[in-house]
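Dropping data07.txt in here (compact mmCIF, C-alpha atoms):
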# COMPACT_ATOMS: atom_id res chain seq x y z
CA MET A 3 -48.51 -62.06 -46.84
CA THR A 4 -52.12 -60.92 -46.92
CA ASP A 5 -54.74 -59.52 -49.25
CA LEU A 6 -55.70 -56.95 -46.63
CA GLN A 7 -55.21 -53.34 -47.65
CA PHE A 8 -53.59 -51.42 -44.81
CA GLU A 9 -53.38 -47.65 -44.57
CA LYS A 10 -50.32 -46.47 -42.68
CA HIS A 11 -50.87 -43.58 -40.31
CA GLU A 12 -48.48 -41.90 -37.94
CA ILE A 13 -49.31 -40.47 -34.56
CA GLU A 14 -47.14 -38.45 -32.22
CA GLY A 15 -46.12 -40.49 -29.22
CA LEU A 16 -44.53 -39.35 -25.97
CA GLY A 17 -41.83 -36.76 -26.62
CA GLY A 18 -42.97 -36.38 -30.24
CA LEU A 19 -41.73 -39.85 -31.26
CA PRO A 20 -43.40 -41.07 -34.50
CA ILE A 21 -45.57 -44.13 -33.84
CA ALA A 22 -46.62 -46.12 -36.92
CA VAL A 23 -50.26 -47.24 -36.98
CA HIS A 24 -51.62 -49.71 -39.56
CA ILE A 25 -55.39 -49.56 -40.23
CA ALA A 26 -57.53 -51.98 -42.23
CA GLY A 27 -61.19 -52.88 -42.55
CA GLU A 28 -64.47 -51.15 -41.81
CA GLY A 29 -66.73 -51.39 -38.81
CA ARG A 30 -66.23 -51.29 -35.07
CA ASP A 31 -62.82 -49.98 -33.94
CA LEU A 32 -60.49 -52.61 -32.47
CA VAL A 33 -57.03 -51.58 -31.26
CA LEU A 34 -54.56 -54.49 -30.96
CA ILE A 35 -51.06 -54.14 -29.54
CA HIS A 36 -48.30 -56.62 -30.38
CA GLY A 37 -45.76 -58.27 -28.11
CA TYR A 38 -42.12 -57.61 -27.18
CA PHE A 39 -39.57 -58.14 -30.01
CA SER A 40 -42.51 -58.33 -32.46
CA ASN A 41 -44.49 -55.84 -34.57
CA ALA A 42 -48.03 -55.43 -35.87
CA ALA A 43 -47.39 -57.35 -39.10
CA THR A 44 -45.79 -60.35 -37.39
CA ASN A 45 -48.21 -60.56 -34.48
CA TRP A 46 -51.54 -59.90 -36.17
CA VAL A 47 -51.22 -60.09 -39.95
CA ARG A 48 -48.80 -62.91 -40.80
CA TYR A 49 -50.82 -65.74 -39.27
CA GLY A 50 -54.26 -64.61 -40.46
CA HIS A 51 -55.72 -63.09 -37.29
CA ALA A 52 -56.18 -59.64 -38.86
CA ALA A 53 -57.97 -61.04 -41.92
CA LYS A 54 -60.32 -63.03 -39.70
CA LEU A 55 -61.18 -59.95 -37.61
CA VAL A 56 -61.71 -57.70 -40.62
CA GLU A 57 -63.99 -60.35 -42.12
CA ALA A 58 -65.94 -60.36 -38.84
CA GLY A 59 -66.65 -56.64 -39.27
CA PHE A 60 -63.92 -54.77 -37.42
CA ARG A 61 -61.78 -51.78 -38.31
CA LEU A 62 -58.36 -52.88 -37.09
CA ILE A 63 -55.99 -50.32 -35.63
CA LEU A 64 -52.54 -51.90 -35.19
CA PRO A 65 -49.76 -49.73 -33.77
CA ASP A 66 -46.07 -50.63 -33.77
CA LEU A 67 -44.80 -49.98 -30.25
CA ARG A 68 -41.96 -47.49 -29.85
CA GLY A 69 -38.66 -49.24 -30.52
CA HIS A 70 -40.46 -51.80 -32.72
CA GLY A 71 -41.59 -52.22 -36.31
CA GLU A 72 -41.89 -49.00 -38.30
CA SER A 73 -42.09 -46.72 -35.26
CA GLY A 74 -39.23 -44.58 -33.98
CA LYS A 75 -36.34 -46.53 -32.45
CA PRO A 76 -34.16 -43.97 -30.65
CA HIS A 77 -31.09 -45.28 -28.85
CA ASP A 78 -31.27 -42.61 -26.15
CA ALA A 79 -32.40 -44.14 -22.86
CA ALA A 80 -34.30 -40.92 -22.12
CA ALA A 81 -36.80 -41.88 -24.84
CA TYR A 82 -37.91 -44.88 -22.76
CA PRO A 83 -39.19 -43.60 -19.40
CA PRO A 84 -41.49 -45.74 -17.26
CA ASP A 85 -44.92 -46.23 -18.87
CA ALA A 86 -43.83 -44.70 -22.20
CA LEU A 87 -45.72 -47.39 -24.13
CA THR A 88 -48.86 -46.50 -22.19
CA ASP A 89 -48.42 -42.81 -23.00
CA ASP A 90 -48.15 -43.74 -26.68
CA GLY A 91 -51.27 -45.92 -26.48
CA LEU A 92 -53.31 -43.19 -24.82
CA ALA A 93 -52.03 -40.72 -27.43
CA LEU A 94 -53.25 -43.07 -30.17
CA ILE A 95 -56.77 -43.21 -28.67
CA ASP A 96 -56.81 -39.42 -28.36
CA GLN A 97 -55.29 -38.52 -31.73
CA LEU A 98 -57.49 -40.96 -33.67
CA GLY A 99 -60.53 -39.68 -31.77
CA LEU A 100 -61.65 -43.16 -30.66
CA LYS A 101 -64.74 -43.13 -28.43
CA ASP A 102 -66.44 -46.53 -28.65
CA TYR A 103 -63.77 -49.16 -29.26
CA ASP A 104 -62.36 -52.48 -28.11
CA LEU A 105 -58.76 -52.90 -26.95
CA GLY A 106 -56.37 -55.81 -26.58
CA GLY A 107 -52.90 -57.17 -26.99
CA TYR A 108 -50.56 -60.13 -26.81
CA SER A 109 -47.88 -60.43 -24.09
CA LEU A 110 -46.31 -56.96 -23.77
CA GLY A 111 -49.33 -55.72 -25.74
CA ALA A 112 -51.62 -57.17 -23.06
CA ARG A 113 -49.52 -55.53 -20.35
CA THR A 114 -49.71 -52.22 -22.19
CA THR A 115 -53.49 -52.65 -22.46
CA VAL A 116 -53.71 -53.13 -18.68
CA ARG A 117 -51.60 -50.03 -18.07
CA MET A 118 -53.89 -48.05 -20.40
CA LEU A 119 -56.91 -49.25 -18.41
CA ALA A 120 -55.18 -48.33 -15.15
CA ARG A 121 -54.64 -44.83 -16.50
CA GLY A 122 -58.13 -44.19 -17.70
CA ALA A 123 -58.70 -45.85 -21.08
CA THR A 124 -62.36 -46.87 -21.47
CA PRO A 125 -62.75 -49.59 -24.12
CA ARG A 126 -66.03 -51.52 -24.18
CA ARG A 127 -64.32 -54.93 -24.26
CA VAL A 128 -60.78 -56.13 -23.56
CA ILE A 129 -58.56 -58.96 -24.80
CA LEU A 130 -55.50 -59.98 -22.78
CA ALA A 131 -53.60 -62.70 -24.65
CA GLY A 132 -50.41 -64.49 -23.63
CA MET A 133 -50.63 -63.02 -20.13
CA GLY A 134 -51.11 -64.20 -16.56
CA LEU A 135 -51.47 -62.27 -13.32
CA ARG A 136 -47.79 -62.45 -12.36
CA GLY A 137 -46.71 -60.76 -15.61
CA LEU A 138 -48.75 -57.71 -14.66
CA VAL A 139 -47.96 -57.32 -10.98
CA HIS A 140 -44.25 -58.31 -11.32
CA THR A 141 -43.38 -57.02 -14.77
CA LEU A 142 -39.61 -57.54 -14.65
CA ASP A 143 -39.92 -61.14 -13.54
CA LYS A 144 -38.32 -62.18 -16.85
CA GLY A 145 -36.40 -58.96 -17.40
CA GLY A 146 -33.12 -60.62 -16.50
CA TYR A 147 -33.69 -63.30 -19.14
CA TYR A 148 -34.19 -60.74 -21.91
CA ARG A 149 -31.34 -58.57 -20.69
CA ASN A 150 -29.08 -61.62 -20.87
CA VAL A 151 -30.20 -62.42 -24.44
CA LEU A 152 -29.79 -58.84 -25.65
CA THR A 153 -26.35 -58.34 -24.12
CA ASN A 154 -24.94 -61.72 -25.29
CA LEU A 155 -26.23 -61.98 -28.86
CA GLY A 156 -24.53 -64.66 -30.95
CA SER A 157 -23.32 -66.69 -27.98
CA PHE A 158 -26.20 -69.12 -27.41
CA GLU A 159 -26.28 -72.78 -28.27
CA ARG A 160 -28.57 -73.68 -31.15
CA GLY A 161 -31.99 -74.87 -29.99
CA THR A 162 -31.87 -73.27 -26.54
CA SER A 163 -34.60 -70.88 -25.42
CA GLU A 164 -32.16 -67.97 -25.65
CA TRP A 165 -31.13 -68.96 -29.17
CA MET A 166 -34.79 -69.10 -30.27
CA THR A 167 -35.49 -65.72 -28.69
CA GLU A 168 -32.55 -64.24 -30.58
CA ALA A 169 -33.74 -65.90 -33.80
CA PHE A 170 -37.15 -64.29 -33.36
CA LEU A 171 -35.49 -60.89 -32.89
CA LYS A 172 -33.69 -61.41 -36.23
CA THR A 173 -36.95 -62.46 -37.92
CA THR A 174 -38.63 -59.21 -36.92
CA LYS A 175 -35.47 -57.15 -37.63
CA GLY A 176 -35.59 -55.95 -34.03
CA ASP A 177 -33.19 -53.32 -32.72
CA PRO A 178 -31.32 -54.78 -29.70
CA VAL A 179 -30.48 -51.36 -28.23
CA ALA A 180 -34.10 -50.21 -28.39
CA MET A 181 -35.26 -53.57 -27.00
CA LEU A 182 -33.00 -53.20 -23.96
CA HIS A 183 -34.38 -49.73 -23.28
CA ILE A 184 -37.96 -51.04 -23.55
CA LEU A 185 -37.37 -53.02 -20.34
CA ASN A 186 -37.08 -49.69 -18.50
CA THR A 187 -40.63 -48.75 -19.51
CA PHE A 188 -42.27 -51.62 -17.60
CA VAL A 189 -44.53 -50.60 -14.71
CA ASP A 190 -46.25 -52.97 -12.28
CA THR A 191 -50.02 -52.78 -11.87
CA PRO A 192 -51.34 -53.74 -8.41
CA ALA A 193 -53.73 -56.68 -8.24
CA LYS A 194 -56.32 -54.42 -6.57
CA THR A 195 -56.26 -52.09 -9.57
CA ILE A 196 -56.61 -54.98 -12.02
CA GLY A 197 -59.53 -56.30 -9.98
CA SER A 198 -61.36 -53.00 -10.49
CA PHE A 199 -61.59 -53.34 -14.30
CA GLY A 200 -65.24 -54.04 -15.07
CA GLN A 201 -65.13 -54.62 -18.84
CA PRO A 202 -65.89 -58.04 -20.31
CA THR A 203 -62.37 -59.43 -20.74
CA ALA A 204 -61.08 -62.50 -22.57
CA ILE A 205 -57.81 -63.92 -21.27
CA ILE A 206 -56.60 -66.03 -24.21
CA CYS A 207 -53.49 -68.10 -23.52
CA GLY A 208 -51.65 -71.15 -24.78
CA ALA A 209 -52.19 -74.32 -22.76
CA ASP A 210 -48.41 -74.60 -22.25
CA ASP A 211 -47.76 -70.90 -21.67
CA GLN A 212 -46.88 -69.76 -18.16
CA ASP A 213 -44.19 -67.29 -19.23
CA ASN A 214 -46.18 -64.44 -17.67
CA GLY A 215 -47.80 -66.41 -14.89
CA VAL A 216 -51.09 -68.29 -14.80
CA ALA A 217 -53.81 -67.01 -17.13
CA GLN A 218 -56.61 -68.50 -15.01
CA GLU A 219 -55.45 -66.41 -12.01
CA LEU A 220 -55.83 -63.28 -14.13
CA ALA A 221 -59.31 -64.33 -15.27
CA ASP A 222 -60.31 -65.04 -11.65
CA ILE A 223 -59.32 -61.59 -10.38
CA LEU A 224 -61.32 -59.76 -13.05
CA PRO A 225 -65.03 -59.19 -12.34
CA ASN A 226 -65.95 -60.07 -15.93
CA GLY A 227 -62.94 -62.15 -16.95
CA GLN A 228 -63.09 -65.41 -18.88
CA TYR A 229 -60.16 -67.72 -19.61
CA VAL A 230 -59.94 -69.16 -23.11
CA GLU A 231 -57.30 -71.86 -23.62
CA ILE A 232 -55.73 -72.37 -27.04
CA PRO A 233 -52.94 -74.76 -28.10
CA GLY A 234 -49.29 -73.83 -27.77
CA ASN A 235 -46.68 -72.10 -25.64
CA HIS A 236 -45.79 -68.42 -25.41
CA MET A 237 -43.77 -68.35 -28.62
CA ASN A 238 -46.10 -70.36 -30.86
CA ALA A 239 -49.64 -69.83 -29.53
CA VAL A 240 -49.62 -66.49 -31.35
CA THR A 241 -49.13 -68.35 -34.65
CA ARG A 242 -52.18 -70.62 -34.17
CA LYS A 243 -55.43 -70.01 -36.01
CA GLU A 244 -57.20 -70.66 -32.71
CA LEU A 245 -56.01 -67.27 -31.40
CA GLY A 246 -57.76 -65.30 -34.12
CA GLN A 247 -60.85 -67.49 -33.83
CA ALA A 248 -61.01 -67.02 -30.04
CA MET A 249 -60.83 -63.25 -30.53
CA VAL A 250 -63.62 -63.28 -33.12
CA ASP A 251 -65.79 -65.54 -30.93
CA PHE A 252 -65.38 -63.25 -27.91
CA LEU A 253 -66.02 -60.02 -29.82
CA THR A 254 -69.03 -61.22 -31.82
CA ASN A 255 -70.97 -63.18 -29.17

Rewrite the structure from the file as structure tokens, please.
Amino acid sequence: MTDLQFEKHEIEGLGGLPIAVHIAGEGRDLVLIHGYFSNAATNWVRYGHAAKLVEAGFRLILPDLRGHGESGKPHDAAAYPPDALTDDGLALIDQLGLKDYDLGGYSLGARTTVRMLARGATPRRVILAGMGLRGLVHTLDKGGYYRNVLTNLGSFERGTSEWMTEAFLKTTKGDPVAMLHILNTFVDTPAKTIGSFGQPTAIICGADDQDNGVAQELADILPNGQYVEIPGNHMNAVTRKELGQAMVDFLTN
């Protein structure tokens, strides 16, 4: 899949849950958080983004969110309180002793990044990919869609959006029970709070992606936000080489 050599670390997330963290490269610390149903390997490694960033001189720190990848996937709803993903992200920053770092994510990873900022994280630069303003201020806008997919697995007509979402879950070996509980962790962030983030921020989004609202609206509300359009929709923009290139361009210019 890649020639990159990753070291696997484990931090202690909220409630002591083991959170897997994959680290590669040398240089400036860059924490990247993957999207819902995905994992670090699928989101960042498989399509070459990680290799491109390591080559550009970054030390990549790629956690698997709770319920995803190689992190703990408890089936107890109590393990998924509101903002649990944020608690885990802040624990990662603290336990790895990160001081001067950049932070970003795709889709749910972007939302988690915003929640970390809202709760005091202080990265130098920020990347919010696959995200618009609506997906941050109304986080469960699409919650009903995912709840429907997860509670009716195997019933969707081939080629439909629901069928493709289920197929992606199978590709990443996702745990449907854990995925349902993840919906309960979502927390809205008020537009006023988002508008107070002063870091240089790249909002990188597929031209045909409005799954989480309009990316330009998010860029407009941020004091130092810039919208970068890449090809694709929400499901396939993350597979495009343009995503990794846009990240490198933003972080090295």

Mind dumping a table of every stretch 149-248 of chain A residue within 12 Å of stretch 52-72 of chain A, with the nearest atom pair and its distance in Å to one decimal, using all atoms listed in the file, sorted by chain and rising number, as JSON lines?
{"residue": "A:Leu171", "atom": "CA", "partner": "A:His70", "partner_atom": "CA", "distance": 10.4}
{"residue": "A:Thr173", "atom": "CA", "partner": "A:Gly71", "partner_atom": "CA", "distance": 11.4}
{"residue": "A:Thr174", "atom": "CA", "partner": "A:Gly71", "partner_atom": "CA", "distance": 7.6}
{"residue": "A:Lys175", "atom": "CA", "partner": "A:Gly71", "partner_atom": "CA", "distance": 8.0}
{"residue": "A:Gly176", "atom": "CA", "partner": "A:His70", "partner_atom": "CA", "distance": 6.5}
{"residue": "A:Asp177", "atom": "CA", "partner": "A:Gly69", "partner_atom": "CA", "distance": 7.2}
{"residue": "A:Pro178", "atom": "CA", "partner": "A:Gly69", "partner_atom": "CA", "distance": 9.2}
{"residue": "A:Val179", "atom": "CA", "partner": "A:Gly69", "partner_atom": "CA", "distance": 8.8}
{"residue": "A:Ala180", "atom": "CA", "partner": "A:Gly69", "partner_atom": "CA", "distance": 5.1}
{"residue": "A:Met181", "atom": "CA", "partner": "A:Gly69", "partner_atom": "CA", "distance": 6.5}
{"residue": "A:Leu182", "atom": "CA", "partner": "A:Gly69", "partner_atom": "CA", "distance": 9.5}
{"residue": "A:His183", "atom": "CA", "partner": "A:Gly69", "partner_atom": "CA", "distance": 8.4}
{"residue": "A:Ile184", "atom": "CA", "partner": "A:Gly69", "partner_atom": "CA", "distance": 7.2}
{"residue": "A:Leu185", "atom": "CA", "partner": "A:Gly69", "partner_atom": "CA", "distance": 10.9}
{"residue": "A:Thr187", "atom": "CA", "partner": "A:Arg68", "partner_atom": "CA", "distance": 10.5}
{"residue": "A:Thr241", "atom": "CA", "partner": "A:Ala52", "partner_atom": "CA", "distance": 12.0}
{"residue": "A:Lys243", "atom": "CA", "partner": "A:Lys54", "partner_atom": "CA", "distance": 9.3}
{"residue": "A:Glu244", "atom": "CA", "partner": "A:Lys54", "partner_atom": "CA", "distance": 10.8}
{"residue": "A:Leu245", "atom": "CA", "partner": "A:Lys54", "partner_atom": "CA", "distance": 10.3}
{"residue": "A:Gly246", "atom": "CA", "partner": "A:Lys54", "partner_atom": "CA", "distance": 6.5}
{"residue": "A:Gln247", "atom": "CA", "partner": "A:Lys54", "partner_atom": "CA", "distance": 7.4}
{"residue": "A:Ala248", "atom": "CA", "partner": "A:Leu55", "partner_atom": "CA", "distance": 10.4}

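The closest residue to A:Arg136, picked from A:Arg149, A:Arg121, A:Arg113, A:Arg30 and counting only C-alpha atoms, is A:Arg113.
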
Point-to-point distance in Å for atom CA of A:Thr203 and atom CA of A:Ala221:
8.0 Å

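Here atom CA of A:Pro76 is placed at a distance of 22.5 Å from atom CA of A:Tyr147.
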
Taking all atoms listed in the file into account, name the residue in A:Val139, A:Ala217, A:Ile21, A:Ile206 that is nearest to A:Lys194.
A:Val139

Skip A:Ala120 itself and residues of its chain fewer than 6 positions away, then list as a PyMOL selection string all residues within 9 Å of it, counting only C-alpha atoms.
chain A and resi 191+195-196+199

Selected residues, C-alpha atoms, written as a PDB file, in the frame of the given file, please.
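For reference, again12.pdb as written:
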ATOM      1  CA  THR A 191     -50.020 -52.780 -11.870  1.00  0.00           C
ATOM      2  CA  THR A 195     -56.260 -52.090  -9.570  1.00  0.00           C
ATOM      3  CA  ILE A 196     -56.610 -54.980 -12.020  1.00  0.00           C
ATOM      4  CA  PHE A 199     -61.590 -53.340 -14.300  1.00  0.00           C
TER       5      PHE A 199
END

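Restricting the calculation to all atoms listed in the file, the smallest distance between A:Leu119 and any of A:Ala81, A:Ala43, A:Leu98, A:Leu92 is found for A:Leu92.
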
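Take atom CA of A:Ile13 and atom CA of A:Ile25: the distance between them is 12.3 Å.
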